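Undergrad: Sharing work_30.txt below, compact mmCIF, C-alpha atoms and all ligand atoms:
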```txt
# COMPACT_ATOMS: atom_id res chain seq x y z
CA MET Q 376 -4.34 6.10 -16.92
CA ILE Q 377 -7.38 3.90 -16.19
CA GLY Q 378 -5.09 1.28 -14.65
CA ILE Q 379 -3.49 3.82 -12.32
CA TRP Q 380 -6.88 5.20 -11.32
CA MET Q 381 -8.22 1.75 -10.59
CA LEU Q 382 -5.19 1.01 -8.42
CA ARG Q 383 -5.71 4.27 -6.52
CA ILE Q 384 -9.41 3.63 -6.01
CA SER Q 385 -8.72 0.02 -4.95
CA ALA Q 386 -6.36 1.31 -2.26
CA VAL Q 387 -9.21 3.48 -0.92
CA TYR Q 388 -11.43 0.36 -0.79
CA MET Q 389 -8.61 -1.44 0.99
CA VAL Q 390 -8.46 1.23 3.70
CA ILE Q 391 -12.26 1.22 4.15
CA GLY Q 392 -12.27 -2.62 4.27
CA LEU Q 393 -9.43 -2.70 6.80
CA VAL Q 394 -11.08 -0.11 9.04
CA LEU Q 395 -14.33 -2.10 8.97
CA GLY Q 396 -12.42 -5.35 9.67
CA LEU Q 397 -10.62 -3.76 12.59
CA ALA Q 398 -13.86 -2.25 13.92
CA MET Q 399 -15.51 -5.69 13.76
CA GLY Q 400 -12.54 -7.25 15.53
CA ILE Q 401 -12.55 -4.64 18.28
CA SER Q 402 -16.32 -4.66 18.82
CA GLY Q 403 -16.72 -8.43 18.45
CA ASP Q 404 -19.75 -7.75 16.22
CA PHE Q 405 -19.29 -9.58 12.91
CA LEU Q 406 -22.65 -8.63 11.40
CA LEU Q 407 -21.04 -6.70 8.55
CA SER Q 408 -18.54 -9.46 7.77
CA SER Q 409 -19.96 -9.90 4.24
CA VAL Q 410 -19.60 -6.17 3.55
CA HIS Q 411 -16.01 -6.26 4.81
CA ALA Q 412 -15.30 -9.39 2.72
CA HIS Q 413 -16.60 -7.87 -0.53
CA LEU Q 414 -15.12 -4.42 0.05
CA SER Q 415 -11.79 -6.24 0.42
CA LEU Q 416 -12.25 -8.81 -2.37
CA LEU Q 417 -14.17 -6.87 -5.03
CA GLY Q 418 -12.96 -3.38 -4.06
CA TRP Q 419 -9.32 -4.02 -3.20
CA THR Q 420 -8.29 -7.38 -4.65
CA THR Q 421 -10.34 -7.63 -7.86
CA MET Q 422 -10.11 -3.93 -8.72
CA SER Q 423 -6.34 -3.82 -8.15
CA ILE Q 424 -5.72 -6.98 -10.19
CA THR Q 425 -7.78 -5.64 -13.10
CA GLY Q 426 -6.00 -2.28 -12.71
CA PHE Q 427 -2.64 -4.07 -13.03
CA VAL Q 428 -3.90 -5.77 -16.20
CA TYR Q 429 -4.51 -2.32 -17.75
CA VAL Q 430 -1.01 -1.22 -16.70
CA LEU Q 431 0.52 -4.39 -18.16
CA PHE Q 432 -1.49 -4.46 -21.40
CA PRO Q 433 -1.73 -0.97 -22.96
CA ALA Q 434 -3.91 -2.36 -25.78
CA CYS Q 435 -6.55 -3.36 -23.19
CA CYS Q 436 -6.23 0.05 -21.52
CA ARG Q 437 -6.79 1.94 -24.79
CA SER Q 438 -9.98 0.03 -25.61
CA ARG Q 439 -13.34 1.66 -24.80
CA LEU Q 440 -14.16 -1.56 -22.99
CA ALA Q 441 -11.70 -0.52 -20.27
CA ALA Q 442 -13.65 2.68 -19.53
CA LEU Q 443 -16.91 0.73 -19.59
CA HIS Q 444 -15.53 -1.78 -17.10
CA CYS Q 445 -14.05 0.92 -14.88
CA TRP Q 446 -17.30 2.91 -14.71
CA GLY Q 447 -19.42 -0.20 -14.22
CA HIS Q 448 -17.25 -1.50 -11.39
CA ASN Q 449 -17.13 1.90 -9.71
CA ILE Q 450 -20.87 2.54 -9.99
CA GLY Q 451 -22.04 -1.00 -9.22
CA LEU Q 452 -19.80 -1.69 -6.24
CA PRO Q 453 -20.76 1.34 -4.09
CA VAL Q 454 -24.44 0.58 -4.79
CA MET Q 455 -23.88 -3.10 -3.88
CA MET Q 456 -21.94 -2.29 -0.69
CA ALA Q 457 -24.26 0.48 0.54
CA SER Q 458 -27.38 -1.60 -0.05
CA LEU Q 459 -25.82 -4.76 1.44
CA THR Q 460 -24.98 -2.72 4.56
CA LEU Q 461 -28.57 -1.39 4.78
CA TYR Q 462 -30.01 -4.86 4.15
CA THR Q 463 -27.80 -6.44 6.81
CA LEU Q 464 -28.85 -3.74 9.28
CA GLY Q 465 -32.50 -4.66 8.73
CA HIS Q 466 -33.68 -2.54 5.79
CA LYS Q 467 -35.03 -5.42 3.74
CA SER Q 468 -36.22 -3.07 0.96
CA ALA Q 469 -32.56 -2.67 -0.05
CA GLU Q 470 -32.59 -6.18 -1.55
CA LYS Q 471 -33.36 -5.00 -5.11
CA ALA Q 472 -30.49 -2.51 -5.00
CA ILE Q 473 -28.08 -5.31 -3.98
CA GLY Q 474 -29.23 -7.23 -7.05
CA ALA Q 475 -28.85 -4.19 -9.30
CA GLY Q 476 -25.41 -3.23 -7.93
CA SER Q 477 -24.02 -6.76 -8.10
CA THR Q 478 -25.39 -7.29 -11.63
CA ILE Q 479 -23.63 -4.11 -12.79
CA VAL Q 480 -20.40 -5.33 -11.17
CA LEU Q 481 -20.75 -8.74 -12.81
CA LEU Q 482 -21.47 -7.20 -16.23
CA SER Q 483 -18.50 -4.86 -15.87
CA LEU Q 484 -16.24 -7.83 -15.13
CA LEU Q 485 -17.61 -9.67 -18.17
CA VAL Q 486 -16.62 -6.60 -20.22
CA PHE Q 487 -13.16 -6.78 -18.61
CA THR Q 488 -12.91 -10.46 -19.57
CA ALA Q 489 -13.96 -9.78 -23.16
CA ASN Q 490 -11.40 -6.95 -23.36
CA LEU Q 491 -8.64 -9.25 -22.11
CA PHE Q 492 -9.48 -11.86 -24.74
CA LEU Q 493 -9.72 -9.26 -27.52
CA ASN Q 494 -6.79 -7.00 -26.64
CA GLY Q 495 -4.68 -8.86 -24.08
CA ARG Q 496 -1.34 -8.61 -25.84
CA THR Q 497 1.82 -6.65 -25.20
CA ASP Q 498 2.60 -3.84 -27.64
CA PRO Q 499 5.32 -4.67 -30.19
CA PRO Q 500 8.73 -3.25 -29.21
CA GLN Q 501 9.30 0.28 -30.58
C1 LIG Q 601 -6.72 -5.02 9.35
C2 LIG Q 601 -6.99 -6.09 8.62
C3 LIG Q 601 -8.23 -6.96 8.78
C4 LIG Q 601 -8.98 -7.20 9.88
C5 LIG Q 601 -8.80 -6.67 11.30
C6 LIG Q 601 -10.03 -8.12 9.49
C7 LIG Q 601 -11.03 -8.59 10.32
C8 LIG Q 601 -12.00 -9.48 9.96
C9 LIG Q 601 -13.06 -9.96 10.84
C10 LIG Q 601 -13.23 -9.57 12.30
C11 LIG Q 601 -13.82 -10.81 10.12
C12 LIG Q 601 -15.07 -11.56 10.60
C13 LIG Q 601 -14.66 -12.93 11.05
C14 LIG Q 601 -15.88 -13.79 11.41
O1 LIG Q 601 -16.99 -13.53 10.91
O2 LIG Q 601 -15.68 -14.75 12.16
C15 LIG Q 601 -13.27 -10.88 8.79
C16 LIG Q 601 -13.78 -11.65 7.76
C17 LIG Q 601 -13.27 -11.67 6.49
N1 LIG Q 601 -12.19 -10.95 6.01
FE1 LIG Q 601 -11.08 -9.68 7.06
N2 LIG Q 601 -9.89 -8.40 8.15
C18 LIG Q 601 -8.80 -7.71 7.68
C19 LIG Q 601 -8.32 -7.72 6.38
C20 LIG Q 601 -8.84 -8.44 5.34
C21 LIG Q 601 -8.35 -8.42 3.97
C22 LIG Q 601 -7.17 -7.58 3.48
C23 LIG Q 601 -9.14 -9.28 3.25
C24 LIG Q 601 -9.10 -9.65 1.79
C25 LIG Q 601 -8.31 -9.12 0.88
C26 LIG Q 601 -10.12 -9.84 4.17
C27 LIG Q 601 -11.08 -10.75 3.83
C28 LIG Q 601 -12.01 -11.25 4.69
C29 LIG Q 601 -13.03 -12.23 4.28
C30 LIG Q 601 -13.20 -12.84 2.89
C31 LIG Q 601 -13.82 -12.47 5.40
C32 LIG Q 601 -15.04 -13.39 5.50
C33 LIG Q 601 -14.56 -14.74 5.94
C34 LIG Q 601 -15.74 -15.70 6.12
O3 LIG Q 601 -16.89 -15.29 6.21
O4 LIG Q 601 -15.45 -16.90 6.21
N3 LIG Q 601 -9.92 -9.31 5.41
N4 LIG Q 601 -12.17 -10.06 8.71
C1 LIG Q 602 -20.93 -9.59 -8.27
C2 LIG Q 602 -20.05 -10.16 -7.48
C3 LIG Q 602 -20.35 -11.01 -6.27
C4 LIG Q 602 -21.53 -11.33 -5.70
C5 LIG Q 602 -22.94 -10.95 -6.14
C6 LIG Q 602 -21.24 -12.16 -4.54
C7 LIG Q 602 -22.19 -12.70 -3.69
C8 LIG Q 602 -21.91 -13.40 -2.54
C9 LIG Q 602 -22.90 -13.93 -1.63
C10 LIG Q 602 -24.42 -13.82 -1.81
C11 LIG Q 602 -22.24 -14.54 -0.61
C12 LIG Q 602 -22.85 -15.22 0.62
C13 LIG Q 602 -22.90 -14.18 1.72
C14 LIG Q 602 -23.40 -14.69 3.05
O1 LIG Q 602 -23.62 -15.88 3.21
O2 LIG Q 602 -23.57 -13.83 3.93
C15 LIG Q 602 -20.82 -14.40 -0.87
C16 LIG Q 602 -19.82 -14.84 -0.04
C17 LIG Q 602 -18.49 -14.78 -0.32
N1 LIG Q 602 -17.92 -14.24 -1.46
FE1 LIG Q 602 -18.90 -13.25 -2.91
N2 LIG Q 602 -19.88 -12.31 -4.43
C18 LIG Q 602 -19.30 -11.62 -5.47
C19 LIG Q 602 -17.96 -11.53 -5.74
C20 LIG Q 602 -16.95 -12.14 -5.02
C21 LIG Q 602 -15.55 -12.12 -5.38
C22 LIG Q 602 -14.98 -11.42 -6.61
C23 LIG Q 602 -14.89 -12.80 -4.41
C24 LIG Q 602 -13.43 -13.09 -4.27
C25 LIG Q 602 -12.44 -12.53 -4.98
C26 LIG Q 602 -15.89 -13.26 -3.44
C27 LIG Q 602 -15.62 -13.97 -2.30
C28 LIG Q 602 -16.56 -14.36 -1.37
C29 LIG Q 602 -16.21 -15.01 -0.10
C30 LIG Q 602 -14.81 -15.33 0.41
C31 LIG Q 602 -17.43 -15.26 0.54
C32 LIG Q 602 -17.60 -15.90 1.93
C33 LIG Q 602 -17.49 -14.79 2.96
C34 LIG Q 602 -18.81 -14.22 3.35
O3 LIG Q 602 -19.68 -15.00 3.76
O4 LIG Q 602 -18.99 -13.00 3.31
N3 LIG Q 602 -17.12 -12.84 -3.85
N4 LIG Q 602 -20.66 -13.71 -2.04
```
Could you write out this file's structure as structure tokens?

TA:
Amino acid sequence: MIGIWMLRISAVYMVIGLVLGLAMGISGDFLLSSVHAHLSLLGWTTMSITGFVYVLFPACCRSRLAALHCWGHNIGLPVMMASLTLYTLGHKSAEKAIGAGSTIVLLSLLVFTANLFLNGRTDPPQ
């Protein structure tokens, strides 16, 4: 289930990233290019690939590490993206929140990596 949810959420990030990309293209203002890049790459690409891993490897999906990764990614990334947007728009006090959000995302992806090494195997045939 976690895999499916991560794929669904990643598609929402994809739509938000695409809308921002299109808005930048239309306006000719590329200030938020980094936000667009990481919404697309951490939100859509990375989250969907990790989601597929949980679909492919049920043993990874059943581990508590999967829930830890999923929550970490989905708490850290919105914090990282919102604060990066504020920072880019001139609110320099948002810097600490970017650090906090991105550290949570990084830690969650370390948990994902550990899970893949520990449980990344296909279930034996029934
Ligand atoms: C409707 C689709 C998209 C549009 C209209 C769009 C538009 C843009 C625009 C206008 C920029 C800024 C370019 C600049 O600063 O010169 C940009 C940068 C970028 N986009 Fe997109 N984008 C789209 C989809 C995607 C997708 C699907 C991804 C990744 C999965 C992506 C990844 C990136 C990255 C990584 C950058 C930063 C590139 C750099 O700084 O060198 N974009 N995009
Ligand atoms: C915790 C995770 C991450 C952090 C903290 C991070 C941080 C950064 C920073 C500080 C920059 C330079 C931004 C600038 O010069 O304006 C950058 C650029 C970039 N990052 Fe990341 N990154 C992360 C994850 C990723 C991932 C997973 C990908 C690809 C799958 C990626 C792809 C890129 C690309 C293509 C650029 C150049 C485009 C741009 O300037 O916005 N990053 N990243």

Undergrad: Tell me which of Q:Gly476, Q:Pro499, Q:Gly465, Q:Gly378 sits closest to Val428 (chain Q), counting only C-alpha atoms.

TA: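 So, comparing all the options, the nearest one is Q:Gly378.
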
Undergrad: How would you report the residues lying within 12 Å of ligand LIG 601 (chain Q), as a PyMOL selection string, if you count all atoms listed in the file?

TA: chain Q and resi 385-386+388-424

Undergrad: When you draw a straight line from CA of Ala472 (chain Q) to CA of Ala457 (chain Q), how long is it in Å?

TA: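 Interatomic distance here is 8.9 Å.
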
Undergrad: Within 9 Å of (-9.9, 1.4, -13.9), in the coordinates the file gives, what residues turn up when you count only C-alpha atoms, written out as a count of residues only?

TA: 22

Undergrad: Record the distance separating atom C18 of ligand LIG 602 (chain Q) and CA of Leu452 (chain Q), expressed in Å with one decimal.

TA: 10.0 Å

Undergrad: Name all residues at most 10 Å from Gly495 (chain Q) (count all atoms listed in the file; drop same-chain ones fewer than 6 positions away) and give them as a count of residues only.

TA: 10

Undergrad: What gap, in Å, lies between CA of Ser458 (chain Q) and CA of Gly474 (chain Q)?

TA: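 Computing the Euclidean distance for CA of Ser458 (chain Q) and CA of Gly474 (chain Q) yields 9.2 Å.
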
Undergrad: Pick out the closest residue to ligand LIG 602 (chain Q) from this set: Q:Val454, Q:Leu440, Q:Val480, Q:Leu485. Count all atoms listed in the file.

TA: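 Between Q:Val454, Q:Leu440, Q:Val480, Q:Leu485, the residue approaching ligand LIG 602 (chain Q) most closely is Q:Val480.
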
Undergrad: Between Q:Leu484, Q:Leu464, Q:Leu443, Q:Ala469, which has the minimum distance to ligand LIG 602 (chain Q) (counting only C-alpha atoms and all ligand atoms)?

TA: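 Closest to ligand LIG 602 (chain Q) of all the choices is Q:Leu484.
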
Undergrad: Kindly compute an axis-aligned box around the listed atoms of ligand LIG 602 (chain Q), allowing 3 Å on each side, and express its centre and edge lengths in Å to one decimal as lines of an AutoDock Vina configuration file.

TA:
```
center_x = -18.4
center_y = -12.7
center_z = -2.2
size_x = 18.0
size_y = 12.3
size_z = 18.2
```

Undergrad: Between Q:Ile450, Q:Glu470, Q:Thr460, Q:Ser438, single out the one closest to Asn490 (chain Q), counting only C-alpha atoms.

TA: Q:Ser438

Undergrad: Find, counting only C-alpha atoms and all ligand atoms, the residue in Q:Met455, Q:Ile473, Q:Val387, Q:Leu481 that gets nearest to ligand LIG 602 (chain Q).

TA: Q:Leu481

Undergrad: Identify which of the residues Q:Met456, Q:Phe492, Q:Thr478, Q:Arg437 lies closest to ligand LIG 602 (chain Q), counting only C-alpha atoms and all ligand atoms when measuring atom-to-atom distances.

TA: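 Of the candidates, the smallest distance to ligand LIG 602 (chain Q) is held by Q:Thr478.
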